[in-house]
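Chemist: Take this structure, written in structure tokens, and hold onto it; I'll ask about it next.
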Amino acid sequence: MFALPAGSQATLTEVGVIPPTTDPETVPSCPGSPCLAVSRTTGFQVKIGTTHNPQMAPRAGTIVAWSIQLGKPNATQIKYFNANEGGPSTAGIAILRPQAKPNLTYKLIAQSPLVKLEPYFGKTAQFPLETTLQVKKGDVIALTVPSWAPALALGFTNATSWRASRPKAQCTTTSAQTTQTLTGSSVQYYCLYLTARLTYSATLISTP
């Protein structure tokens with residue numbers, strides 16, 4: 001938890017957290033069937049019901065921590081993902097800045113260190129940042145997963161969707177590494193996935 005100094009005019013916001021909706025409860029799919037994971041990509045939520053751009057910074061400030069709700073895959077599922085999706089489960093966050101052209105292009109401004117996730121399977125974990133990340137209003141806080149992460153909730157309507165940094169021709173495959181990790185690089189987030197939600201958020205302290 002983070003407390004603001006007494007008398008501070010800054011505000012604390014959890015970017016990516018919205019009030020409950022009539023959609024299914026937001027619970028990562030693993031160890032259920034299907035057990036689906038986010039894998040080898042950088043992604044962010046575009047819409048949750050009537051809420052647009054829930055992972056966009058509403059104001060300038062500093063990201064001081066990020067949180068992730070993780071499913072609890074069983075031993076067989078973990079073995080499969082480790083063997084087929086690039087090794088043990090890891091993730092971090094990335095700060096993306098929308099670019100005017102081409103459409104759906106985002107520039108990587110900064111990123112956090114990666115965290116090994118397996119010790120936190122079945123829990124909601126928060127990771128304070130030793131080096132905080134500056135954001136401008138309109139920046140997007142994305143989830144970067146170089147291997148895999150059981151942080152995907154299923155069963156929503158088509159009004160819920162997220163985007164990934166995969167090329168247009170690779171929207172239906174996870175065989176290639178598509179994470180955006182080169183600071184200053186610009187990538188088109190063409191691939192849109194419906195009926196699913198990424199289960200992460202970030203803690204923003206706004207600039208007074």
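Identifiers in the structure tokens: chain A, B, ... in order shown; residue index from 1 per chain; ligand index from 1 in order shown.
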Please identify every residue of region 156-191 of chain A that has at least one atom no farther than 12 Å from an atom of region 53-63 of chain A, counting only C-alpha atoms, and for each give the shortest atom pair and the distance in Å to one decimal, arranged by chain then increasing number, as a Markdown table.
Modeler:
| residue | atom | partner | partner_atom | distance |
| --- | --- | --- | --- | --- |
| A:Thr160 | CA | A:Asn53 | CA | 10.7 |
| A:Ser161 | CA | A:Asn53 | CA | 10.0 |
| A:Trp162 | CA | A:Asn53 | CA | 9.4 |
| A:Arg163 | CA | A:Asn53 | CA | 10.8 |
Chemist: Would you save the residues from that selection as a short mmCIF file (atom, residue, chain, number, x, y, z; two decimals), in the first residue's frame, using N, CA and C atoms?
Modeler:
data_model
loop_
_atom_site.label_atom_id
_atom_site.label_comp_id
_atom_site.auth_asym_id
_atom_site.auth_seq_id
_atom_site.Cartn_x
_atom_site.Cartn_y
_atom_site.Cartn_z
N THR A 160 -15.64 -6.45 -24.35
CA THR A 160 -14.36 -6.48 -23.62
C THR A 160 -13.27 -6.98 -24.57
N SER A 161 -12.16 -6.23 -24.65
CA SER A 161 -11.11 -6.59 -25.61
C SER A 161 -9.75 -6.04 -25.19
N TRP A 162 -8.69 -6.68 -25.70
CA TRP A 162 -7.33 -6.19 -25.45
C TRP A 162 -6.51 -6.30 -26.71
N ARG A 163 -5.43 -5.52 -26.78
CA ARG A 163 -4.54 -5.51 -27.94
C ARG A 163 -3.17 -6.06 -27.59
#
Chemist: Any idea what's packed within 7 Å of region 149-158 of chain A, counting only C-alpha atoms, ignoring anything in its chain fewer than 6 positions away? Could you give it as a list in words?
Modeler: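 Once the nearby chain positions are removed, what remains is Asp23, Pro24, Thr26, Val27, Pro28, Ser29, Cys30, Leu36, Ala37, Val38, Ser39, Gln69, Leu70, Gly71, Ser89, Thr90, Ala91, Leu194, Thr195, Ala196, Arg197, Leu198 and Thr199 of chain A.
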Chemist: Go ahead and dump the residues you just picked, N, CA and C atoms, as a tab-separated table (two decimals), in the first residue's frame.
Modeler:
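The new file selection-v3.tsv reads:
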chain	number	residue	atom	x	y	z
A	23	ASP	N	-20.61	-8.41	-16.20
A	23	ASP	CA	-19.88	-9.49	-16.87
A	23	ASP	C	-19.44	-10.53	-15.84
A	24	PRO	N	-18.88	-11.66	-16.31
A	24	PRO	CA	-18.40	-12.68	-15.37
A	24	PRO	C	-17.35	-12.10	-14.42
A	26	THR	N	-14.00	-11.40	-12.68
A	26	THR	CA	-12.68	-11.37	-13.31
A	26	THR	C	-11.74	-12.29	-12.56
A	27	VAL	N	-11.62	-13.51	-13.05
A	27	VAL	CA	-10.76	-14.52	-12.45
A	27	VAL	C	-9.93	-15.16	-13.55
A	28	PRO	N	-8.60	-15.21	-13.42
A	28	PRO	CA	-7.78	-15.87	-14.45
A	28	PRO	C	-8.24	-17.30	-14.70
A	29	SER	N	-8.14	-17.73	-15.96
A	29	SER	CA	-8.74	-18.99	-16.37
A	29	SER	C	-8.08	-20.22	-15.77
A	30	CYS	N	-6.79	-20.21	-15.52
A	30	CYS	CA	-6.11	-21.40	-15.00
A	30	CYS	C	-6.41	-21.59	-13.51
A	36	LEU	N	-5.85	-20.70	-20.35
A	36	LEU	CA	-5.15	-19.88	-21.33
A	36	LEU	C	-4.28	-18.85	-20.62
A	37	ALA	N	-3.15	-18.53	-21.22
A	37	ALA	CA	-2.22	-17.58	-20.62
A	37	ALA	C	-1.83	-16.52	-21.64
A	38	VAL	N	-1.43	-15.37	-21.14
A	38	VAL	CA	-0.81	-14.35	-22.00
A	38	VAL	C	0.60	-14.85	-22.30
A	39	SER	N	1.03	-14.77	-23.56
A	39	SER	CA	2.34	-15.34	-23.86
A	39	SER	C	3.08	-14.58	-24.96
A	69	GLN	N	-3.11	-10.20	-10.95
A	69	GLN	CA	-3.92	-11.30	-10.40
A	69	GLN	C	-3.61	-12.54	-11.21
A	70	LEU	N	-3.13	-13.57	-10.55
A	70	LEU	CA	-2.64	-14.76	-11.25
A	70	LEU	C	-3.49	-15.99	-10.97
A	71	GLY	N	-3.73	-16.77	-12.03
A	71	GLY	CA	-4.35	-18.06	-11.85
A	71	GLY	C	-3.38	-19.03	-11.20
A	89	SER	N	7.41	-18.59	-16.04
A	89	SER	CA	6.50	-17.45	-16.12
A	89	SER	C	7.15	-16.17	-15.59
A	90	THR	N	7.18	-15.12	-16.42
A	90	THR	CA	7.72	-13.82	-16.03
A	90	THR	C	6.88	-12.71	-16.66
A	91	ALA	N	6.93	-11.52	-16.05
A	91	ALA	CA	6.21	-10.38	-16.62
A	91	ALA	C	6.74	-9.08	-16.01
A	194	LEU	N	-11.03	-10.38	-28.44
A	194	LEU	CA	-12.31	-10.13	-27.81
A	194	LEU	C	-12.60	-11.12	-26.69
A	195	THR	N	-13.49	-10.75	-25.79
A	195	THR	CA	-14.08	-11.57	-24.73
A	195	THR	C	-13.10	-11.97	-23.63
A	196	ALA	N	-11.94	-11.31	-23.54
A	196	ALA	CA	-10.95	-11.66	-22.52
A	196	ALA	C	-10.40	-10.39	-21.87
A	197	ARG	N	-9.90	-10.55	-20.66
A	197	ARG	CA	-9.37	-9.42	-19.91
A	197	ARG	C	-8.02	-9.76	-19.28
A	198	LEU	N	-7.07	-8.85	-19.42
A	198	LEU	CA	-5.77	-8.98	-18.77
A	198	LEU	C	-5.92	-8.53	-17.32
A	199	THR	N	-5.44	-9.34	-16.39
A	199	THR	CA	-5.71	-9.09	-14.97
A	199	THR	C	-4.51	-8.44	-14.27
Chemist: When distances are computed from only C-alpha atoms, which of A:Pro113, A:Pro31, A:Pro88, A:Gly43 shows the smallest separation from Ser147 (chain A)?
Modeler: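 Among A:Pro113, A:Pro31, A:Pro88, A:Gly43, it is A:Pro88 that comes nearest to Ser147 (chain A).
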Chemist: Could you please determine the separation between CA of Gly49 (chain A) and CA of Ala164 (chain A) in Å, to one decimal place?
Modeler: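 CA of Ala164 (chain A) lies 18.6 Å from CA of Gly49 (chain A).
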Chemist: Pick the closest to Cys171 (chain A) from A:Val135, A:Val187, A:Ala142, A:Leu192: which is it, counting only C-alpha atoms?
Modeler: A:Leu192
Chemist: Taking only C-alpha atoms into account, which of A:Thr207, A:Thr51, A:Gln111, A:Asn82 comes nearest Lys136 (chain A)?
Modeler: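 Of A:Thr207, A:Thr51, A:Gln111, A:Asn82, the one nearest Lys136 (chain A), counting only C-alpha atoms, is A:Thr207.
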Chemist: Considering only alpha helix (DSSP H) as DSSP defines it on the backbone, what residues of chain A qualify? List them as an MDAnalysis selection string.
Modeler: chainID A and resid 75:84
Chemist: For a test of reading the model, state the distance in Å between CA of Leu129 (chain A) and CA of Thr11 (chain A), rounded to one decimal.
Modeler: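 The value is 17.9 Å.
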Chemist: Please determine, counting only C-alpha atoms, which residue among A:Pro167, A:Pro73, A:Gly86, A:Gly92 has the shortest atom-to-atom distance to Cys35 (chain A).
Modeler: A:Pro73
Chemist: Can you pull out every residue within 8 Å of Arg166 (chain A), counting only C-alpha atoms, but drop anything in the same chain fewer than 5 positions away, and send it as an MDAnalysis selection string?
Modeler: chainID A and resid 41 171 178:179 188:191
Chemist: Leaving out Val15 (chain A) and any residue of its chain fewer than 2 positions from it, which residues lie within 6 Å of it when counting only C-alpha atoms, given as a PyMOL selection string?
Modeler: chain A and resi 13+17+55+201-202
Chemist: Have a look at A:His52, A:Ser67, A:Gln177, A:Ile93 and name the one nearest to Phe127 (chain A); count only C-alpha atoms.
Modeler: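 When distances to Phe127 (chain A) are compared using only C-alpha atoms, the smallest one comes from A:Ser67.
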Chemist: Let's see if you can do this: from backbone DSSP, list all strand (DSSP E or B) residues in region 15-198 of chain A, as a PyMOL selection string.
Modeler: chain A and resi 15+28+38-48+51-52+56+61-69+90-99+105-111+115-116+124-135+140-149+152-154+161-164+186-188+191-194+196-198
